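**Q** Structure incoming, see below.
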Protein chains: 2
Amino acid sequence: MQRVTNCILLNEDKVLLLKKPRRGWYAIPGGKMEQGETIKESAVREYQEETELELTDPELGGIFTFLIYSGRTIVQEWMMFTFFCRSFTGKLAGYCREGELEWVTFDAIRTLPMAEGDRKIFEHLLVSNKTLYGSFSYTEDYNLINYRLDPSSPCRGEMYRAK
Amino acid sequence: MQRVTNCILLNEDKVLLLKKPRRGWYAIPGGKMEQGETIKESAVREYQEETELELTDPELGGIFTFLIYSGRTIVQEWMMFTFFCRSFTGKLAGYCREGELEWVTFDAIRTLPMAEGDRKIFEHLLVSNKTLYGSFSYTEDYNLINYRLDPSSPCRGEMYRAK
């Protein structure tokens with residue numbers, strides 16, 4: 001089973017995203033866990049490898065289960081651990097082999113091309129400070145079939161996380 | 001990859017544990033995730049199946065990576081998601097097919113037979129309210145070879161979780 005860790009890094013009103021060349025979709029920087037790592041070790045290592053930035057005190061924001069369907073058959077299941085961070089050291093990489101790194105405003109996230117499930121994750125994690133649990137079903141072409149999130153709607157009554 | 005969810009349920013100064021027949025070791029009630037579940041759905045379902053109690057608002061306490069060694073070879077890797085909960089509904093099962101359910105005092109946890117890694121997890125999770133990340137290496141006989149935890153020592157300065 002593939003396990004992916006990534007991190008939403010905030011800097012004032014912007015988030016660092018990775019524009020991937022294949023579809024031009026924006027993604028949260030991160031990558032695959034290695035054997036024996038904790039999820040936090042993996043998130044910090046992967047972030048450093050992709051961006052050359054070192055995360056300071058990332059906190060777990062959400063844990064997600066993904067099912068990939070080919071027709072009615074589940075062909076893959078994987079998990080994603082998404083951290084949240086407001087502080088970093090280092091200078092952003094001039095080049096990233098995975099795609100283009102770009103600081104993006106919160107407003108732009110509503111309209112940028114990305115996996116629909118990722119947009120839903122942003123809707124929650126930029127607003128609420130409650131741990132988010134989710135399960136997403138996608139086609140092999142990465143069309144979102146269905147999903148559920150807990151809490152089911154962003155907790156706007158709580159601290160505005162991305163302030 | 002096996003994924004296990006479980007929950008430390010508190011009731012005043014006691015924790016509900018499961019005494020497993022094989023070694024007589026005490027364990028945190030829980031079990032294997034099913035395909036497509038969120039980790040929280042799995043924790044609630046597994047707890048209900050083993051104890052007949054329904055957890056109210058369990059919160060994630062820690063995420064752990066386990067490596068099992070046969071000599072110098074890694075023969076298994078699995079993950080454990082441990083929740084924490086103070087409130088439940090329902091009546092404790094009179095019978096559990098996995099072992100004996102027992103309310104145990106915090107003090108007893110120091111000396112009861114259990115996996116050494118589980119004892120370390122308790123040392124942290126009963127005291128600190130910070131999410132705990134860990135990686136444990138065990139032999140196939142479940143002797144702890146080494147481990148690391150983040151934070152590395154319980155944050156006693158913070159809220160005493162098990163108050």
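Simple scheme: letters A, B, ... for chains in structure tokens order, numbers from 1 for residues in each chain, numbers from 1 for ligands in the order shown.
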Please identify all residues of chain A having at least one atom at most 8 Å from any atom of chain B, considering only C-alpha atoms, and return them as number ranges by chain.
**A** A: 1, 35-40, 60, 63-67, 77, 131, 133-136
**Q** With DSSP run on the backbone, what are the strand (DSSP E) residues within chain B? I'd like them as a ChimeraX atom specification.
**A** /B:2-11,14-19,26-27,30-32,54-55,59-70,73-85,88-89,100-105,132-139,144-150
**Q** Please indicate the distance in Å from CA of Pro113 in chain A to CA of Ile28 in chain A, rounded to one decimal place.
**A**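 Going from CA of Pro113 in chain A over to CA of Ile28 in chain A, I get 12.4 Å.
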**Q** May I have the residues within 7 Å of His124 in chain A as a list in words, using only C-alpha atoms and disregarding those fewer than 4 positions away in the same chain?
**A** Lys120, Ser128 and Pro154 of chain A
**Q** If we count only C-alpha atoms, what is near range 97-109 of chain A at a cut-off of 6 Å, once residues fewer than 2 positions away on the same chain are taken out, given as a CSV table (one decimal) with N, CA, C and O atoms, in the first residue's frame?
**A**
chain,number,residue,atom,x,y,z
A,13,ASP,N,-0.7,35.2,3.1
A,13,ASP,CA,-1.9,34.7,2.5
A,13,ASP,C,-1.7,33.7,1.3
A,13,ASP,O,-2.5,33.6,0.4
A,14,LYS,N,-0.5,33.1,1.3
A,14,LYS,CA,-0.2,32.2,0.2
A,14,LYS,C,0.2,30.8,0.7
A,14,LYS,O,0.6,30.6,1.8
A,15,VAL,N,0.0,29.9,-0.2
A,15,VAL,CA,0.4,28.5,0.0
A,15,VAL,C,1.3,28.1,-1.1
A,15,VAL,O,1.1,28.4,-2.3
A,16,LEU,N,2.3,27.3,-0.7
A,16,LEU,CA,3.3,26.8,-1.8
A,16,LEU,C,2.7,25.5,-2.4
A,16,LEU,O,2.5,24.5,-1.7
A,17,LEU,N,2.5,25.6,-3.7
A,17,LEU,CA,2.0,24.5,-4.4
A,17,LEU,C,3.0,24.0,-5.5
A,17,LEU,O,3.9,24.8,-5.9
A,18,LEU,N,2.7,22.8,-6.0
A,18,LEU,CA,3.5,22.3,-7.1
A,18,LEU,C,2.7,22.1,-8.3
A,18,LEU,O,1.7,21.3,-8.2
A,19,LYS,N,3.0,22.7,-9.4
A,19,LYS,CA,2.2,22.5,-10.6
A,19,LYS,C,2.9,21.4,-11.4
A,19,LYS,O,4.0,21.5,-11.9
A,20,LYS,N,2.1,20.3,-11.5
A,20,LYS,CA,2.7,19.1,-12.1
A,20,LYS,C,2.5,19.2,-13.7
A,20,LYS,O,1.4,19.6,-14.2
A,21,PRO,N,3.5,18.7,-14.4
A,21,PRO,CA,3.5,18.9,-15.8
A,21,PRO,C,2.4,18.1,-16.6
A,21,PRO,O,1.9,18.5,-17.6
A,111,THR,N,-10.1,28.1,-7.9
A,111,THR,CA,-10.3,28.0,-9.3
A,111,THR,C,-9.1,27.3,-10.1
A,111,THR,O,-9.2,26.9,-11.2
A,112,LEU,N,-8.0,27.2,-9.4
A,112,LEU,CA,-6.8,26.5,-10.1
A,112,LEU,C,-7.2,25.1,-10.4
A,112,LEU,O,-7.9,24.4,-9.7
**Q** Determine, counting only C-alpha atoms, which protein, DNA and RNA residues have an atom within 10 Å of an atom of range 49-56 of chain A; residues of the same chain fewer than 3 positions away are not included. Present the result as a PyMOL selection string.
**A** chain A and resi 7+9+16-18+29-31+43-46+59+84-101
**Q** Report the residues of range 2-141 of chain B whose backbone DSSP state falls under helix (DSSP H, G or I), written as a ChimeraX atom specification.
**A** /B:39-51,106-109,116-125
**Q** Write a file of the selected residues as an mmCIF file, in the first residue's frame, keeping C-alpha atoms.
**A**
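Printed below is again.cif as written:
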data_model
loop_
_atom_site.group_PDB
_atom_site.id
_atom_site.type_symbol
_atom_site.label_atom_id
_atom_site.label_comp_id
_atom_site.auth_asym_id
_atom_site.auth_seq_id
_atom_site.Cartn_x
_atom_site.Cartn_y
_atom_site.Cartn_z
ATOM 1 C CA ILE B 39 -9.075 5.796 10.293
ATOM 2 C CA LYS B 40 -11.732 7.251 12.592
ATOM 3 C CA GLU B 41 -14.515 5.104 11.121
ATOM 4 C CA SER B 42 -12.293 2.086 11.622
ATOM 5 C CA ALA B 43 -11.503 2.964 15.245
ATOM 6 C CA VAL B 44 -15.178 3.429 16.130
ATOM 7 C CA ARG B 45 -16.276 0.246 14.328
ATOM 8 C CA GLU B 46 -13.515 -1.912 15.782
ATOM 9 C CA TYR B 47 -14.134 -0.606 19.286
ATOM 10 C CA GLN B 48 -17.819 -1.335 19.007
ATOM 11 C CA GLU B 49 -17.177 -4.845 17.695
ATOM 12 C CA GLU B 50 -14.792 -5.730 20.516
ATOM 13 C CA THR B 51 -16.395 -3.968 23.466
ATOM 14 C CA PHE B 106 -3.189 4.331 35.202
ATOM 15 C CA ASP B 107 -0.778 3.130 37.866
ATOM 16 C CA ALA B 108 -1.208 -0.502 36.851
ATOM 17 C CA ILE B 109 -0.145 0.281 33.272
ATOM 18 C CA GLU B 116 7.127 -2.501 25.587
ATOM 19 C CA GLY B 117 6.264 -0.094 22.788
ATOM 20 C CA ASP B 118 2.665 0.104 23.966
ATOM 21 C CA ARG B 119 3.876 1.060 27.441
ATOM 22 C CA LYS B 120 5.916 3.908 25.920
ATOM 23 C CA ILE B 121 2.861 5.033 23.978
ATOM 24 C CA PHE B 122 0.848 5.121 27.210
ATOM 25 C CA GLU B 123 3.601 7.082 28.968
ATOM 26 C CA HIS B 124 3.122 9.817 26.397
ATOM 27 C CA LEU B 125 -0.556 9.713 25.545
#
**Q** Any idea what the distance is between CA of Asp57 in chain A and CA of Ile8 in chain A?
**A** 12.3 Å
